[in-house]
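A quick write-up on the structure given underneath.
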Amino acid sequence: MTATTDVPPEVLGALAEHLPGLDGLPDERARGRGCVWRGQYLTAETAVDLGEQVE
């Protein structure tokens with residue numbers, strides 16, 4: 001999968017519900033350069049846009 005449209009909306013919703021809070025994340029993860037759960041570097045091919053998170 002390389003685009004958000006490839007991921008079913010119900011899956012995106014479930015993932016978004018379980019995102020960690022931004023307060024406890026290292027900067028790289030909070031800014032979207034690294035996976036929020038495991039920290040791996042993300043690329044356009046590996047990232048899934050979960051939308052803007054403000055909390």
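Order determines the names: the first chain of the structure tokens is A, the second B, and so forth; residues in each chain are numbered 1 upward, and ligands are numbered 1 upward as they are shown.
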List the neighbours of stretch 8-18 of chain A out to 10 Å using only C-alpha atoms; skip same-chain residues closer than 6 positions along the sequence, and give me the result as a PyMOL selection string. chain A and resi 37+48-53
Skip A:Thr43 itself and residues of its chain fewer than 4 positions away, then list as a list in words all residues within 10 Å of it, counting only C-alpha atoms. Thr2, Gly32, Arg33, Gly34, Ala47 and Val48 of chain A
Resulting file, chosen residues, C-alpha atoms, as an mmCIF file, in the first residue's frame:
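result-v6.cif written:
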```cif
data_model
loop_
_atom_site.group_PDB
_atom_site.id
_atom_site.type_symbol
_atom_site.label_atom_id
_atom_site.label_comp_id
_atom_site.auth_asym_id
_atom_site.auth_seq_id
_atom_site.Cartn_x
_atom_site.Cartn_y
_atom_site.Cartn_z
ATOM 1 C CA THR A 2 1.397 3.355 -0.945
ATOM 2 C CA GLY A 32 5.614 12.277 11.266
ATOM 3 C CA ARG A 33 9.146 11.413 10.208
ATOM 4 C CA GLY A 34 9.121 8.239 12.281
ATOM 5 C CA ALA A 47 3.872 5.953 5.470
ATOM 6 C CA VAL A 48 0.094 5.998 5.892
#
```
Residues near A:Asp23, cut-off 12 Å, only C-alpha atoms, skip fewer than 4 positions along chain, as a ChimeraX atom specification: /A:19,27,29-31,36,53-55
Output the selection as an mmCIF file, in the first residue's frame - N, CA, C and O atoms for each residue.
```cif
data_model
loop_
_atom_site.group_PDB
_atom_site.id
_atom_site.type_symbol
_atom_site.label_atom_id
_atom_site.label_comp_id
_atom_site.auth_asym_id
_atom_site.auth_seq_id
_atom_site.Cartn_x
_atom_site.Cartn_y
_atom_site.Cartn_z
ATOM 1 N N LEU A 19 -3.625 6.176 18.594
ATOM 2 C CA LEU A 19 -2.368 6.900 18.486
ATOM 3 C C LEU A 19 -1.909 7.352 19.869
ATOM 4 O O LEU A 19 -2.721 7.795 20.675
ATOM 5 N N ASP A 27 10.519 14.161 19.032
ATOM 6 C CA ASP A 27 10.186 15.098 17.958
ATOM 7 C C ASP A 27 10.024 14.410 16.605
ATOM 8 O O ASP A 27 9.092 14.706 15.868
ATOM 9 N N ARG A 29 9.050 11.459 15.821
ATOM 10 C CA ARG A 29 7.776 10.741 15.738
ATOM 11 C C ARG A 29 6.594 11.696 15.730
ATOM 12 O O ARG A 29 5.628 11.515 15.000
ATOM 13 N N ALA A 30 6.646 12.733 16.558
ATOM 14 C CA ALA A 30 5.544 13.691 16.645
ATOM 15 C C ALA A 30 5.359 14.448 15.336
ATOM 16 O O ALA A 30 4.244 14.824 14.985
ATOM 17 N N ARG A 31 6.429 14.655 14.583
ATOM 18 C CA ARG A 31 6.351 15.388 13.318
ATOM 19 C C ARG A 31 6.043 14.490 12.129
ATOM 20 O O ARG A 31 5.913 14.959 11.014
ATOM 21 N N VAL A 36 4.988 6.304 14.935
ATOM 22 C CA VAL A 36 4.656 6.693 16.310
ATOM 23 C C VAL A 36 4.778 5.530 17.280
ATOM 24 O O VAL A 36 4.985 5.734 18.467
ATOM 25 N N GLN A 53 -3.011 15.404 13.856
ATOM 26 C CA GLN A 53 -3.329 15.130 15.252
ATOM 27 C C GLN A 53 -2.941 16.360 16.060
ATOM 28 O O GLN A 53 -1.812 16.801 16.001
ATOM 29 N N VAL A 54 -3.876 16.907 16.792
ATOM 30 C CA VAL A 54 -3.597 18.150 17.520
ATOM 31 C C VAL A 54 -3.520 17.955 19.029
ATOM 32 O O VAL A 54 -3.240 18.882 19.752
ATOM 33 N N GLU A 55 -3.770 16.780 19.502
ATOM 34 C CA GLU A 55 -3.705 16.533 20.949
ATOM 35 C C GLU A 55 -2.608 15.563 21.264
ATOM 36 O O GLU A 55 -2.203 14.769 20.521
#
```
Would you give me, as a PyMOL selection string, the residues in chain A that DSSP reads as helix (DSSP H, G or I)? chain A and resi 4-6+9-17+22-24+27-30
How about saving the chosen residues, N, CA, C and O atoms kept, as a PDB file, in the first residue's frame?
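New file part18.pdb:
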```
ATOM      1  N   THR A   4      -3.038   6.587   1.107  1.00  0.00           N
ATOM      2  CA  THR A   4      -4.103   6.510   2.099  1.00  0.00           C
ATOM      3  C   THR A   4      -5.360   5.888   1.511  1.00  0.00           C
ATOM      4  O   THR A   4      -6.072   5.162   2.183  1.00  0.00           O
ATOM      5  N   THR A   5      -5.627   6.127   0.254  1.00  0.00           N
ATOM      6  CA  THR A   5      -6.835   5.602  -0.361  1.00  0.00           C
ATOM      7  C   THR A   5      -6.816   4.082  -0.460  1.00  0.00           C
ATOM      8  O   THR A   5      -7.853   3.474  -0.679  1.00  0.00           O
ATOM      9  N   ASP A   6      -5.650   3.454  -0.301  1.00  0.00           N
ATOM     10  CA  ASP A   6      -5.551   2.009  -0.333  1.00  0.00           C
ATOM     11  C   ASP A   6      -5.971   1.365   0.993  1.00  0.00           C
ATOM     12  O   ASP A   6      -6.159   0.166   1.064  1.00  0.00           O
ATOM     13  N   PRO A   9     -11.298   2.941   5.215  1.00  0.00           N
ATOM     14  CA  PRO A   9     -11.565   3.989   6.209  1.00  0.00           C
ATOM     15  C   PRO A   9     -11.723   3.451   7.629  1.00  0.00           C
ATOM     16  O   PRO A   9     -11.296   4.092   8.584  1.00  0.00           O
ATOM     17  N   GLU A  10     -12.323   2.281   7.775  1.00  0.00           N
ATOM     18  CA  GLU A  10     -12.503   1.739   9.128  1.00  0.00           C
ATOM     19  C   GLU A  10     -11.170   1.365   9.771  1.00  0.00           C
ATOM     20  O   GLU A  10     -11.011   1.453  10.988  1.00  0.00           O
ATOM     21  N   VAL A  11     -10.200   0.999   8.966  1.00  0.00           N
ATOM     22  CA  VAL A  11      -8.863   0.689   9.490  1.00  0.00           C
ATOM     23  C   VAL A  11      -8.175   1.981   9.921  1.00  0.00           C
ATOM     24  O   VAL A  11      -7.580   2.050  10.994  1.00  0.00           O
ATOM     25  N   LEU A  12      -8.244   3.019   9.094  1.00  0.00           N
ATOM     26  CA  LEU A  12      -7.660   4.306   9.468  1.00  0.00           C
ATOM     27  C   LEU A  12      -8.277   4.828  10.758  1.00  0.00           C
ATOM     28  O   LEU A  12      -7.580   5.331  11.630  1.00  0.00           O
ATOM     29  N   GLY A  13      -9.593   4.698  10.884  1.00  0.00           N
ATOM     30  CA  GLY A  13     -10.268   5.148  12.099  1.00  0.00           C
ATOM     31  C   GLY A  13      -9.808   4.392  13.322  1.00  0.00           C
ATOM     32  O   GLY A  13      -9.564   4.981  14.375  1.00  0.00           O
ATOM     33  N   ALA A  14      -9.656   3.087  13.197  1.00  0.00           N
ATOM     34  CA  ALA A  14      -9.206   2.268  14.324  1.00  0.00           C
ATOM     35  C   ALA A  14      -7.774   2.630  14.722  1.00  0.00           C
ATOM     36  O   ALA A  14      -7.458   2.722  15.909  1.00  0.00           O
ATOM     37  N   LEU A  15      -6.919   2.846  13.741  1.00  0.00           N
ATOM     38  CA  LEU A  15      -5.540   3.229  14.036  1.00  0.00           C
ATOM     39  C   LEU A  15      -5.485   4.594  14.711  1.00  0.00           C
ATOM     40  O   LEU A  15      -4.761   4.784  15.690  1.00  0.00           O
ATOM     41  N   ALA A  16      -6.237   5.540  14.194  1.00  0.00           N
ATOM     42  CA  ALA A  16      -6.230   6.893  14.744  1.00  0.00           C
ATOM     43  C   ALA A  16      -6.702   6.913  16.195  1.00  0.00           C
ATOM     44  O   ALA A  16      -6.210   7.707  16.995  1.00  0.00           O
ATOM     45  N   GLU A  17      -7.625   6.042  16.551  1.00  0.00           N
ATOM     46  CA  GLU A  17      -8.121   5.972  17.935  1.00  0.00           C
ATOM     47  C   GLU A  17      -7.042   5.538  18.905  1.00  0.00           C
ATOM     48  O   GLU A  17      -7.128   5.820  20.093  1.00  0.00           O
ATOM     49  N   LEU A  22       0.870  13.151  21.720  1.00  0.00           N
ATOM     50  CA  LEU A  22       2.038  13.838  21.184  1.00  0.00           C
ATOM     51  C   LEU A  22       3.008  14.273  22.274  1.00  0.00           C
ATOM     52  O   LEU A  22       4.208  14.390  22.033  1.00  0.00           O
ATOM     53  N   ASP A  23       2.521  14.529  23.471  1.00  0.00           N
ATOM     54  CA  ASP A  23       3.369  15.028  24.557  1.00  0.00           C
ATOM     55  C   ASP A  23       4.537  14.111  24.878  1.00  0.00           C
ATOM     56  O   ASP A  23       5.622  14.577  25.180  1.00  0.00           O
ATOM     57  N   GLY A  24       4.329  12.801  24.816  1.00  0.00           N
ATOM     58  CA  GLY A  24       5.375  11.872  25.198  1.00  0.00           C
ATOM     59  C   GLY A  24       6.229  11.358  24.057  1.00  0.00           C
ATOM     60  O   GLY A  24       7.116  10.542  24.269  1.00  0.00           O
ATOM     61  N   ASP A  27      10.519  14.161  19.032  1.00  0.00           N
ATOM     62  CA  ASP A  27      10.186  15.098  17.958  1.00  0.00           C
ATOM     63  C   ASP A  27      10.024  14.410  16.605  1.00  0.00           C
ATOM     64  O   ASP A  27       9.092  14.706  15.868  1.00  0.00           O
ATOM     65  N   GLU A  28      10.917  13.493  16.270  1.00  0.00           N
ATOM     66  CA  GLU A  28      10.856  12.824  14.968  1.00  0.00           C
ATOM     67  C   GLU A  28       9.526  12.081  14.779  1.00  0.00           C
ATOM     68  O   GLU A  28       8.941  12.086  13.709  1.00  0.00           O
ATOM     69  N   ARG A  29       9.050  11.459  15.821  1.00  0.00           N
ATOM     70  CA  ARG A  29       7.776  10.741  15.738  1.00  0.00           C
ATOM     71  C   ARG A  29       6.594  11.696  15.730  1.00  0.00           C
ATOM     72  O   ARG A  29       5.628  11.515  15.000  1.00  0.00           O
ATOM     73  N   ALA A  30       6.646  12.733  16.558  1.00  0.00           N
ATOM     74  CA  ALA A  30       5.544  13.691  16.645  1.00  0.00           C
ATOM     75  C   ALA A  30       5.359  14.448  15.336  1.00  0.00           C
ATOM     76  O   ALA A  30       4.244  14.824  14.985  1.00  0.00           O
TER      77      ALA A  30
END
```
